[in-house]
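Novice: What follows is the file final_23.pdb, containing PDB, C-alpha atoms:
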MODEL        1
ATOM      1  CA  MET A 255     -16.522  23.185 -33.774
ATOM      2  CA  THR A 256     -16.824  19.431 -34.161
ATOM      3  CA  THR A 257     -19.565  17.364 -32.551
ATOM      4  CA  LYS A 258     -16.911  15.822 -30.342
ATOM      5  CA  GLY A 259     -15.840  19.296 -29.232
ATOM      6  CA  VAL A 260     -19.423  20.275 -28.396
ATOM      7  CA  LYS A 261     -19.851  17.163 -26.283
ATOM      8  CA  ALA A 262     -16.573  17.786 -24.486
ATOM      9  CA  GLN A 263     -17.518  21.379 -23.739
ATOM     10  CA  GLY A 264     -20.915  20.298 -22.484
ATOM     11  CA  GLY A 265     -19.258  17.763 -20.222
ATOM     12  CA  ASP A 266     -16.974  20.430 -18.791
ATOM     13  CA  ASP A 267     -19.925  22.729 -18.118
ATOM     14  CA  PHE A 268     -21.721  19.941 -16.296
ATOM     15  CA  LEU A 269     -18.690  19.110 -14.140
ATOM     16  CA  GLN A 270     -18.202  22.765 -13.244
ATOM     17  CA  GLN A 271     -21.656  22.783 -11.704
ATOM     18  CA  LEU A 272     -20.655  20.092  -9.221
ATOM     19  CA  SER A 273     -19.188  21.087  -5.892
ATOM     20  CA  VAL A 274     -16.000  19.339  -4.792
ATOM     21  CA  SER A 275     -17.606  18.297  -1.507
ATOM     22  CA  GLN A 276     -20.438  16.588  -3.357
ATOM     23  CA  VAL A 277     -18.009  14.574  -5.443
ATOM     24  CA  ILE A 278     -15.752  13.418  -2.621
ATOM     25  CA  GLU A 279     -18.748  12.492  -0.474
ATOM     26  CA  MET A 280     -19.476   9.818  -3.086
ATOM     27  CA  PHE A 281     -16.612   7.834  -1.566
ATOM     28  CA  ASP A 282     -18.803   7.261   1.487
ATOM     29  CA  LEU A 283     -20.767   4.896  -0.765
ATOM     30  CA  MET A 284     -17.737   2.588  -1.005
ATOM     31  CA  PRO A 285     -17.708   0.569   2.234
ATOM     32  CA  ASP A 286     -14.573  -1.418   1.397
ATOM     33  CA  MET A 287     -12.314   1.454   0.309
ATOM     34  CA  LEU A 288     -10.280   3.932   2.348
ATOM     35  CA  PHE A 289     -10.173   7.370   0.721
ATOM     36  CA  TRP A 290      -8.318  10.481   1.875
ATOM     37  CA  LEU A 291      -7.081  13.910   0.843
ATOM     38  CA  LYS A 292      -3.878  15.350   2.333
ATOM     39  CA  ASP A 293      -2.293  18.765   2.114
ATOM     40  CA  ALA A 294       1.356  19.395   1.198
ATOM     41  CA  GLU A 295       2.405  18.760   4.816
ATOM     42  CA  GLY A 296       0.810  15.329   4.785
ATOM     43  CA  CYS A 297      -2.083  16.272   7.062
ATOM     44  CA  ILE A 298      -5.569  14.848   6.503
ATOM     45  CA  ARG A 299      -7.989  17.365   5.000
ATOM     46  CA  TYR A 300     -10.731  14.869   4.193
ATOM     47  CA  ALA A 301     -11.394  11.172   4.729
ATOM     48  CA  ASN A 302     -14.366   9.016   3.860
ATOM     49  CA  GLN A 303     -16.549   7.184   6.358
ATOM     50  CA  TYR A 304     -14.773   3.841   5.975
ATOM     51  CA  PHE A 305     -11.419   5.502   6.692
ATOM     52  CA  LEU A 306     -12.852   6.981   9.903
ATOM     53  CA  GLU A 307     -14.359   3.665  10.957
ATOM     54  CA  TYR A 308     -11.126   1.818  10.227
ATOM     55  CA  GLN A 309      -9.170   4.259  12.399
ATOM     56  CA  GLY A 310     -11.769   4.042  15.169
ATOM     57  CA  LEU A 311     -12.780   7.702  14.875
ATOM     58  CA  ASP A 312     -16.218   9.095  15.612
ATOM     59  CA  GLY A 313     -16.136  11.795  12.973
ATOM     60  CA  LEU A 314     -14.106  13.696  10.407
ATOM     61  CA  SER A 315     -13.155  16.395  12.911
ATOM     62  CA  GLN A 316     -11.006  13.846  14.779
ATOM     63  CA  ALA A 317      -8.992  13.123  11.616
ATOM     64  CA  LEU A 318      -8.479  16.665  10.353
ATOM     65  CA  GLY A 319      -4.894  17.831  10.776
ATOM     66  CA  CYS A 320      -3.638  14.362  11.670
ATOM     67  CA  SER A 321      -0.769  12.670   9.824
ATOM     68  CA  ASP A 322       0.132   9.051   9.208
ATOM     69  CA  TYR A 323       2.159   9.102  12.418
ATOM     70  CA  ASP A 324      -1.102   9.530  14.333
ATOM     71  CA  PHE A 325      -2.538   6.339  12.841
ATOM     72  CA  SER A 326       0.332   3.937  12.167
ATOM     73  CA  PRO A 327       3.556   2.681  13.803
ATOM     74  CA  PRO A 328       6.522   4.977  12.983
ATOM     75  CA  HIS A 329       8.235   2.605  10.536
ATOM     76  CA  ILE A 330       5.023   2.148   8.551
ATOM     77  CA  ALA A 331       3.976   5.803   8.739
ATOM     78  CA  ARG A 332       7.347   6.915   7.431
ATOM     79  CA  GLN A 333       6.953   4.884   4.249
ATOM     80  CA  PHE A 334       3.524   6.415   3.664
ATOM     81  CA  VAL A 335       5.039   9.887   4.084
ATOM     82  CA  VAL A 336       7.895   9.076   1.702
ATOM     83  CA  ASP A 337       5.377   7.863  -0.873
ATOM     84  CA  ASP A 338       3.309  11.037  -0.527
ATOM     85  CA  GLN A 339       6.382  13.198  -1.069
ATOM     86  CA  LYS A 340       7.314  11.239  -4.187
ATOM     87  CA  VAL A 341       3.774  11.530  -5.509
ATOM     88  CA  MET A 342       3.801  15.317  -5.071
ATOM     89  CA  GLN A 343       7.082  15.385  -6.998
ATOM     90  CA  GLY A 344       5.525  13.603  -9.962
ATOM     91  CA  GLU A 345       5.740   9.877  -9.228
ATOM     92  CA  VAL A 346       2.650   7.708  -9.312
ATOM     93  CA  VAL A 347       1.709   4.892  -6.934
ATOM     94  CA  THR A 348      -0.609   2.354  -8.515
ATOM     95  CA  ASN A 349      -1.874  -0.765  -6.744
ATOM     96  CA  ARG A 350       1.091  -0.916  -4.408
ATOM     97  CA  LEU A 351       1.152  -3.577  -1.725
ATOM     98  CA  GLU A 352       1.349  -1.931   1.705
ATOM     99  CA  MET A 353       1.324  -3.230   5.239
ATOM    100  CA  ASN A 354      -0.553  -1.489   8.027
ATOM    101  CA  SER A 355      -1.644  -2.293  11.549
ATOM    102  CA  GLU A 356      -5.228  -2.884  12.623
ATOM    103  CA  SER A 357      -6.658  -1.285  15.757
ATOM    104  CA  THR A 358      -6.204  -4.712  17.368
ATOM    105  CA  GLY A 359      -2.461  -4.584  16.658
ATOM    106  CA  ASP A 360      -2.671  -7.223  13.934
ATOM    107  CA  ILE A 361      -0.939  -6.600  10.614
ATOM    108  CA  SER A 362      -3.010  -6.422   7.431
ATOM    109  CA  TRP A 363      -2.163  -5.893   3.794
ATOM    110  CA  PHE A 364      -3.644  -3.273   1.521
ATOM    111  CA  ILE A 365      -3.549  -2.368  -2.157
ATOM    112  CA  THR A 366      -2.979   1.383  -2.453
ATOM    113  CA  SER A 367      -2.960   3.964  -5.244
ATOM    114  CA  LYS A 368      -1.984   7.638  -4.858
ATOM    115  CA  ARG A 369      -1.995  10.721  -7.065
ATOM    116  CA  PRO A 370      -0.978  14.396  -6.710
ATOM    117  CA  LEU A 371      -3.662  16.951  -5.877
ATOM    118  CA  TYR A 372      -3.660  20.150  -7.975
ATOM    119  CA  ASN A 373      -5.267  23.552  -7.541
ATOM    120  CA  ASP A 374      -6.936  25.433 -10.402
ATOM    121  CA  LYS A 375      -3.543  26.888 -11.395
ATOM    122  CA  GLY A 376      -2.005  23.464 -11.892
ATOM    123  CA  GLN A 377       0.124  23.656  -8.757
ATOM    124  CA  VAL A 378       0.545  20.586  -6.561
ATOM    125  CA  ILE A 379      -1.053  21.286  -3.181
ATOM    126  CA  GLY A 380      -1.215  17.793  -1.721
ATOM    127  CA  SER A 381      -2.120  14.243  -2.563
ATOM    128  CA  TYR A 382      -5.047  11.858  -2.493
ATOM    129  CA  GLY A 383      -5.312   8.128  -2.367
ATOM    130  CA  ILE A 384      -7.448   5.037  -2.109
ATOM    131  CA  SER A 385      -6.607   1.826  -0.310
ATOM    132  CA  ARG A 386      -8.387  -1.529  -0.260
ATOM    133  CA  HIS A 387      -8.008  -4.261   2.342
ATOM    134  CA  LEU A 388      -6.405  -7.205   0.544
ATOM    135  CA  GLU A 389      -8.681  -9.836   2.075
ATOM    136  CA  LYS A 390     -11.799  -7.791   1.421
ATOM    137  CA  THR A 391     -10.626  -7.083  -2.103
ATOM    138  CA  SER A 392     -10.072 -10.784  -2.683
ATOM    139  CA  ILE A 393     -13.556 -11.563  -1.400
ATOM    140  CA  ALA A 394     -14.985  -9.141  -3.930
ATOM    141  CA  ILE A 395     -13.510 -10.854  -6.976
ATOM    142  CA  SER A 396     -15.182 -13.784  -8.649
ATOM    143  CA  SER A 397     -12.216 -16.130  -8.477
ATOM    144  CA  MET A 398     -11.330 -15.374  -4.850
ATOM    145  CA  GLU A 399      -9.629 -18.667  -4.028
ATOM    146  CA  ALA A 400      -7.322 -18.417  -7.043
ATOM    147  CA  LEU A 401      -5.718 -15.367  -5.419
ATOM    148  CA  LYS A 402      -6.422 -15.818  -1.714
ATOM    149  CA  VAL A 403      -4.854 -19.278  -1.509
ATOM    150  CA  PRO A 404      -1.437 -18.322  -2.953
ATOM    151  CA  VAL A 405      -1.352 -15.067  -0.954
ATOM    152  CA  ASP A 406      -2.042 -16.948   2.283
ATOM    153  CA  TYR A 407       0.533 -19.558   1.325
ATOM    154  CA  ILE A 408       3.181 -16.879   0.755
ATOM    155  CA  ARG A 409       2.405 -15.233   4.086
ATOM    156  CA  LYS A 410       2.873 -18.564   5.836
ATOM    157  CA  HIS A 411       6.040 -19.684   4.047
ATOM    158  CA  TYR A 412       7.836 -16.499   2.911
ATOM    159  CA  MET A 413      10.757 -17.120   5.293
ATOM    160  CA  ARG A 414      11.941 -20.070   3.198
ATOM    161  CA  PRO A 415      12.438 -20.532  -0.566
ATOM    162  CA  VAL A 416       9.074 -20.643  -2.374
ATOM    163  CA  THR A 417       9.122 -21.724  -6.014
ATOM    164  CA  LEU A 418       6.464 -20.823  -8.552
ATOM    165  CA  LYS A 419       5.797 -24.510  -9.155
ATOM    166  CA  GLU A 420       5.222 -25.070  -5.442
ATOM    167  CA  LEU A 421       2.972 -22.034  -5.205
ATOM    168  CA  ALA A 422       1.022 -23.022  -8.311
ATOM    169  CA  ARG A 423       0.560 -26.554  -7.008
ATOM    170  CA  ALA A 424      -0.740 -25.284  -3.661
ATOM    171  CA  SER A 425      -3.154 -23.024  -5.558
ATOM    172  CA  HIS A 426      -4.307 -25.775  -7.948
ATOM    173  CA  LEU A 427      -3.219 -23.644 -10.889
ATOM    174  CA  SER A 428      -0.659 -23.838 -13.635
ATOM    175  CA  VAL A 429       2.322 -21.506 -13.294
ATOM    176  CA  SER A 430       1.099 -19.375 -16.207
ATOM    177  CA  ALA A 431      -2.414 -19.113 -14.730
ATOM    178  CA  LEU A 432      -0.948 -18.171 -11.366
ATOM    179  CA  GLU A 433       1.126 -15.392 -12.927
ATOM    180  CA  ARG A 434      -1.897 -14.079 -14.832
ATOM    181  CA  ARG A 435      -3.935 -13.900 -11.612
ATOM    182  CA  PHE A 436      -1.277 -11.892  -9.806
ATOM    183  CA  LYS A 437      -0.781  -9.484 -12.690
ATOM    184  CA  LYS A 438      -4.533  -8.996 -13.072
ATOM    185  CA  TYR A 439      -5.427  -8.375  -9.440
ATOM    186  CA  LEU A 440      -2.187  -7.179  -7.802
ATOM    187  CA  LYS A 441      -0.434  -5.673 -10.836
ATOM    188  CA  LYS A 442       2.730  -7.611 -10.010
ATOM    189  CA  THR A 443       4.259 -11.056 -10.468
ATOM    190  CA  PRO A 444       4.223 -13.717  -7.732
ATOM    191  CA  LYS A 445       7.971 -13.239  -7.287
ATOM    192  CA  GLN A 446       7.535  -9.502  -6.789
ATOM    193  CA  PHE A 447       4.813 -10.128  -4.235
ATOM    194  CA  ILE A 448       6.962 -12.648  -2.332
ATOM    195  CA  ASN A 449       9.833 -10.179  -2.320
ATOM    196  CA  GLU A 450       7.686  -7.357  -0.949
ATOM    197  CA  VAL A 451       6.192  -9.576   1.762
ATOM    198  CA  ARG A 452       9.726 -10.500   2.847
ATOM    199  CA  LEU A 453      10.903  -6.899   2.845
ATOM    200  CA  GLU A 454       7.894  -5.710   4.841
ATOM    201  CA  ASN A 455       8.606  -8.401   7.433
ATOM    202  CA  ALA A 456      12.261  -7.385   7.510
ATOM    203  CA  ARG A 457      11.280  -3.771   8.105
ATOM    204  CA  ARG A 458       9.141  -4.862  11.061
ATOM    205  CA  LEU A 459      11.988  -6.916  12.538
ATOM    206  CA  LEU A 460      14.389  -4.003  12.199
ATOM    207  CA  VAL A 461      12.033  -1.891  14.297
ATOM    208  CA  GLU A 462      10.764  -4.421  16.821
ATOM    209  CA  THR A 463      13.958  -6.387  17.495
ATOM    210  CA  ALA A 464      17.694  -5.886  17.915
ATOM    211  CA  LEU A 465      18.553  -8.877  15.738
ATOM    212  CA  PRO A 466      21.667  -8.539  13.560
ATOM    213  CA  ILE A 467      20.821  -7.452  10.044
ATOM    214  CA  ALA A 468      22.108 -10.756   8.643
ATOM    215  CA  THR A 469      19.657 -12.574  10.925
ATOM    216  CA  VAL A 470      16.825 -10.268   9.905
ATOM    217  CA  ALA A 471      17.624 -11.103   6.282
ATOM    218  CA  SER A 472      17.664 -14.838   6.981
ATOM    219  CA  GLU A 473      14.424 -14.846   8.981
ATOM    220  CA  SER A 474      12.747 -12.850   6.219
ATOM    221  CA  GLY A 475      13.679 -15.346   3.519
ATOM    222  CA  PHE A 476      16.905 -13.836   2.136
ATOM    223  CA  SER A 477      19.923 -16.158   2.121
ATOM    224  CA  ASP A 478      22.320 -13.430   0.934
ATOM    225  CA  PRO A 479      22.558 -10.349   3.241
ATOM    226  CA  SER A 480      24.056  -8.227   0.453
ATOM    227  CA  TYR A 481      21.187  -9.043  -1.884
ATOM    228  CA  PHE A 482      18.760  -8.311   0.953
ATOM    229  CA  SER A 483      20.326  -4.877   1.502
ATOM    230  CA  ARG A 484      20.075  -4.030  -2.203
ATOM    231  CA  GLN A 485      16.434  -5.080  -2.366
ATOM    232  CA  PHE A 486      15.611  -3.220   0.834
ATOM    233  CA  TYR A 487      17.174  -0.031  -0.528
ATOM    234  CA  ARG A 488      15.347  -0.398  -3.835
ATOM    235  CA  LEU A 489      11.952  -0.520  -2.109
ATOM    236  CA  PHE A 490      12.498   1.819   0.854
ATOM    237  CA  THR A 491      15.345   4.085  -0.394
ATOM    238  CA  GLN A 492      17.372   3.347   2.749
ATOM    239  CA  LEU A 493      19.812   0.618   3.668
ATOM    240  CA  PRO A 494      18.647  -1.630   6.537
ATOM    241  CA  SER A 495      21.319  -0.175   8.833
ATOM    242  CA  GLU A 496      20.244   3.393   8.000
ATOM    243  CA  PHE A 497      16.602   2.539   8.537
ATOM    244  CA  ARG A 498      17.276   0.972  11.935
ATOM    245  CA  LYS A 499      19.494   3.842  13.049
ATOM    246  CA  SER A 500      16.934   6.506  12.211
ATOM    247  CA  HIS A 501      13.811   4.718  13.427
ATOM    248  CA  CYS A 502      14.695   2.091  15.971
ATOM    249  CA  ARG A 503      16.880   3.710  18.607
ATOM    250  CA  LYS A 504      14.651   2.464  21.400
ATOM    251  CA  ALA A 505      14.797  -1.100  20.090
ATOM    252  CA  GLN A 506      18.579  -1.013  20.340
TER     253      GLN A 506
ENDMDL
END
Re-express the file's structure as structure tokens.
Specialist:
Amino acid sequence: MTTKGVKAQGGDDFLQQLSVSQVIEMFDLMPDMLFWLKDAEGCIRYANQYFLEYQGLDGLSQALGCSDYDFSPPHIARQFVVDDQKVMQGEVVTNRLEMNSESTGDISWFITSKRPLYNDKGQVIGSYGISRHLEKTSIAISSMEALKVPVDYIRKHYMRPVTLKELARASHLSVSALERRFKKYLKKTPKQFINEVRLENARRLLVETALPIATVASESGFSDPSYFSRQFYRLFTQLPSEFRKSHCRKAQ
């Protein structure tokens, strides 16, 4: 056996001595990160302390057995559930931009990653994930303003055309530096981020209003309703009309 093999075996022996509960409790040491484990039905089986505090819960017992529908508005919860199902089927979510509601009712943005959860036989039995508050993540990086400024600018102006030159100028960066910042910290281009912000807003309008879909597209920054529908389907796997019909009956 090679030296490398001996080291690997030793590492495995060490890890086998650790209990799962001891490992996942380490996530309580991360005060800016939501962490959870879900079973195959999408119910919470574990959540770290920050997750409980964010949801306004007094303890883990209040979260056990709950689903995303117990914590988020239906249109947001559904996307989380769809993501979980895709993850358990083999897809991977890495640093995805997601919108969620605060306990105050305000909307916040998070960067989320998810993976399938396996048993000792290699069977998928659920999923796990981590999510970081975008503002708190930005505060943690050394060049906060280089990312926070363009993100805030996009949030304020997404409903109209926003060029990279305009965004770079507002951020006091070159276009190439701006693109590097987004790829480094958000794993996406500025254009992709703008598009997702617009689509998340459109999804909210489809739920909260009875505006015509063409108007929803326009108020979300899309001048072409057909293009809007294609982009919406690409991100949410439903056409805007299908999404509204299945989730917004009361709004109509």
Novice: Once the PyMOL selection byres ((chain A and resi 318) around 8) is applied to the coordinates I shared, what remains selected? I want it as a list in words.
Specialist: Cys297, Ile298, Arg299, Tyr300, Leu314, Ser315, Gln316, Ala317, Gly319 and Cys320 of chain A
Novice: Would you work out the distance separating atom CA of Phe325 of chain A from atom CA of Ile278 of chain A, expressed in Å to one decimal?
Specialist: 21.5 Å
Novice: Give me, as a short mmCIF file (atom, residue, chain, number, x, y, z; two decimals) with C-alpha atoms, keeping the file's coordinate frame, all polymer residues having an atom no more than 12 Å from His411 of chain A, counting all atoms listed in the file and skipping those fewer than 4 positions away in the same chain.
Specialist:
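Contents of selection-v3.cif, as written:
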data_model
loop_
_atom_site.label_atom_id
_atom_site.label_comp_id
_atom_site.auth_asym_id
_atom_site.auth_seq_id
_atom_site.Cartn_x
_atom_site.Cartn_y
_atom_site.Cartn_z
CA PRO A 404 -1.44 -18.32 -2.95
CA VAL A 405 -1.35 -15.07 -0.95
CA ASP A 406 -2.04 -16.95 2.28
CA TYR A 407 0.53 -19.56 1.32
CA PRO A 415 12.44 -20.53 -0.57
CA VAL A 416 9.07 -20.64 -2.37
CA THR A 417 9.12 -21.72 -6.01
CA GLU A 420 5.22 -25.07 -5.44
CA LEU A 421 2.97 -22.03 -5.20
CA ALA A 424 -0.74 -25.28 -3.66
CA ILE A 448 6.96 -12.65 -2.33
CA VAL A 451 6.19 -9.58 1.76
CA ARG A 452 9.73 -10.50 2.85
CA GLU A 473 14.42 -14.85 8.98
CA SER A 474 12.75 -12.85 6.22
CA GLY A 475 13.68 -15.35 3.52
#
Novice: Which one of A:Gln446, A:Ser495, A:Asn302, A:Ser428 sits closest to Val461 of chain A if you count all atoms listed in the file?
Specialist: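 Checking each candidate against Val461 of chain A, we get A:Ser495 as the closest.
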Novice: Please expand the PyMOL selection byres ((chain A and resi 369-373) around 12) into the concrete residues it hits in this file, giving the result as number ranges by chain.
Specialist: A: 274, 289-294, 296, 299, 337-349, 366-368, 374-384
Novice: Between A:Ile365, A:Leu311, A:Ala471, A:Ala301, which residue has the minimum interatomic distance to Tyr439 of chain A, considering all atoms listed in the file?
Specialist: A:Ile365
Novice: Determine the nearest neighbour of Ser500 of chain A from the options A:Ser430, A:Arg332, A:Lys410, A:Arg423, counting all atoms listed in the file.
Specialist: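 Among A:Ser430, A:Arg332, A:Lys410, A:Arg423, it is A:Arg332 that comes nearest to Ser500 of chain A.
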Novice: Taking 6 positions as the minimum chain separation for residues in the same chain, which residues sit within 10 Å of Leu453 of chain A when counting all atoms listed in the file? Answer as a ChimeraX atom specification.
Specialist: /A:447,459,470-471,474-476,482-483,485-487,489-490
Novice: Please measure the separation of atom CA of Tyr308 of chain A and atom CA of Met280 of chain A, giving the value in Å to one decimal.
Specialist: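 Atom CA of Met280 of chain A lies at a distance of 17.6 Å from atom CA of Tyr308 of chain A.
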Novice: Which of these residues is nearest to Thr463 of chain A, using all atoms listed in the file: A:Arg409, A:Arg498, A:His426, A:Phe305?
Specialist: A:Arg498
Novice: Please indicate the distance in Å from atom CA of Phe497 of chain A to atom CA of Glu450 of chain A, rounded to one decimal place.
Specialist: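 It comes out at 16.4 Å.
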Novice: N, CA, C and O atoms are what I want for segment 289-312 of chain A; can you complete it accordingly and write them as a compact mmCIF listing (two decimals), keeping the file's coordinate frame?
Specialist:
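Output contents, as saved in result-v1.txt:
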# COMPACT_ATOMS: atom_id res chain seq x y z
N PHE A 289 -10.43 6.24 1.61
CA PHE A 289 -10.17 7.37 0.72
C PHE A 289 -9.79 8.58 1.55
O PHE A 289 -10.40 8.84 2.60
N TRP A 290 -8.77 9.32 1.12
CA TRP A 290 -8.32 10.48 1.88
C TRP A 290 -7.74 11.55 0.96
O TRP A 290 -7.29 11.27 -0.16
N LEU A 291 -7.76 12.77 1.46
CA LEU A 291 -7.08 13.91 0.84
C LEU A 291 -6.11 14.46 1.88
O LEU A 291 -6.46 14.63 3.04
N LYS A 292 -4.88 14.77 1.44
CA LYS A 292 -3.88 15.35 2.33
C LYS A 292 -3.33 16.64 1.72
O LYS A 292 -3.25 16.77 0.50
N ASP A 293 -2.93 17.55 2.60
CA ASP A 293 -2.29 18.76 2.11
C ASP A 293 -0.80 18.51 1.90
O ASP A 293 -0.33 17.39 2.06
N ALA A 294 -0.07 19.55 1.53
CA ALA A 294 1.36 19.40 1.20
C ALA A 294 2.19 18.96 2.40
O ALA A 294 3.30 18.43 2.23
N GLU A 295 1.68 19.18 3.60
CA GLU A 295 2.40 18.76 4.82
C GLU A 295 2.05 17.35 5.24
O GLU A 295 2.52 16.85 6.26
N GLY A 296 1.18 16.69 4.47
CA GLY A 296 0.81 15.33 4.78
C GLY A 296 -0.29 15.21 5.83
O GLY A 296 -0.49 14.12 6.40
N CYS A 297 -1.00 16.30 6.08
CA CYS A 297 -2.08 16.27 7.06
C CYS A 297 -3.43 15.98 6.39
O CYS A 297 -3.69 16.48 5.28
N ILE A 298 -4.26 15.21 7.04
CA ILE A 298 -5.57 14.85 6.50
C ILE A 298 -6.46 16.08 6.39
O ILE A 298 -6.62 16.84 7.35
N ARG A 299 -7.03 16.29 5.21
CA ARG A 299 -7.99 17.36 5.00
C ARG A 299 -9.38 16.82 4.72
O ARG A 299 -10.37 17.54 4.80
N TYR A 300 -9.45 15.55 4.36
CA TYR A 300 -10.73 14.87 4.19
C TYR A 300 -10.48 13.37 4.22
O TYR A 300 -9.44 12.89 3.77
N ALA A 301 -11.45 12.63 4.75
CA ALA A 301 -11.39 11.17 4.73
C ALA A 301 -12.81 10.64 4.68
O ALA A 301 -13.73 11.23 5.27
N ASN A 302 -13.01 9.55 3.96
CA ASN A 302 -14.37 9.02 3.86
C ASN A 302 -14.76 8.24 5.11
O ASN A 302 -13.96 8.01 6.02
N GLN A 303 -16.01 7.82 5.17
CA GLN A 303 -16.55 7.18 6.36
C GLN A 303 -15.82 5.90 6.71
O GLN A 303 -15.57 5.60 7.88
N TYR A 304 -15.46 5.10 5.70
CA TYR A 304 -14.77 3.84 5.98
C TYR A 304 -13.39 4.09 6.58
O TYR A 304 -12.95 3.35 7.46
N PHE A 305 -12.72 5.13 6.12
CA PHE A 305 -11.42 5.50 6.69
C PHE A 305 -11.59 5.81 8.18
O PHE A 305 -10.80 5.35 9.02
N LEU A 306 -12.63 6.60 8.51
CA LEU A 306 -12.85 6.98 9.90
C LEU A 306 -13.18 5.76 10.75
O LEU A 306 -12.67 5.61 11.87
N GLU A 307 -14.00 4.87 10.21
CA GLU A 307 -14.36 3.66 10.96
C GLU A 307 -13.15 2.77 11.15
O GLU A 307 -12.96 2.20 12.24
N TYR A 308 -12.32 2.66 10.13
CA TYR A 308 -11.13 1.82 10.23
C TYR A 308 -10.17 2.34 11.29
O TYR A 308 -9.54 1.56 12.02
N GLN A 309 -10.07 3.65 11.42
CA GLN A 309 -9.17 4.26 12.40
C GLN A 309 -9.82 4.37 13.78
O GLN A 309 -9.18 4.83 14.73
N GLY A 310 -11.08 3.98 13.89
CA GLY A 310 -11.77 4.04 15.17
C GLY A 310 -12.16 5.44 15.58
O GLY A 310 -12.24 5.75 16.78
N LEU A 311 -12.43 6.31 14.60
CA LEU A 311 -12.78 7.70 14.88
C LEU A 311 -14.29 7.90 14.79
O LEU A 311 -14.98 7.22 14.03
N ASP A 312 -14.78 8.83 15.58
CA ASP A 312 -16.22 9.10 15.61
C ASP A 312 -16.67 10.05 14.52
O ASP A 312 -17.86 10.08 14.18
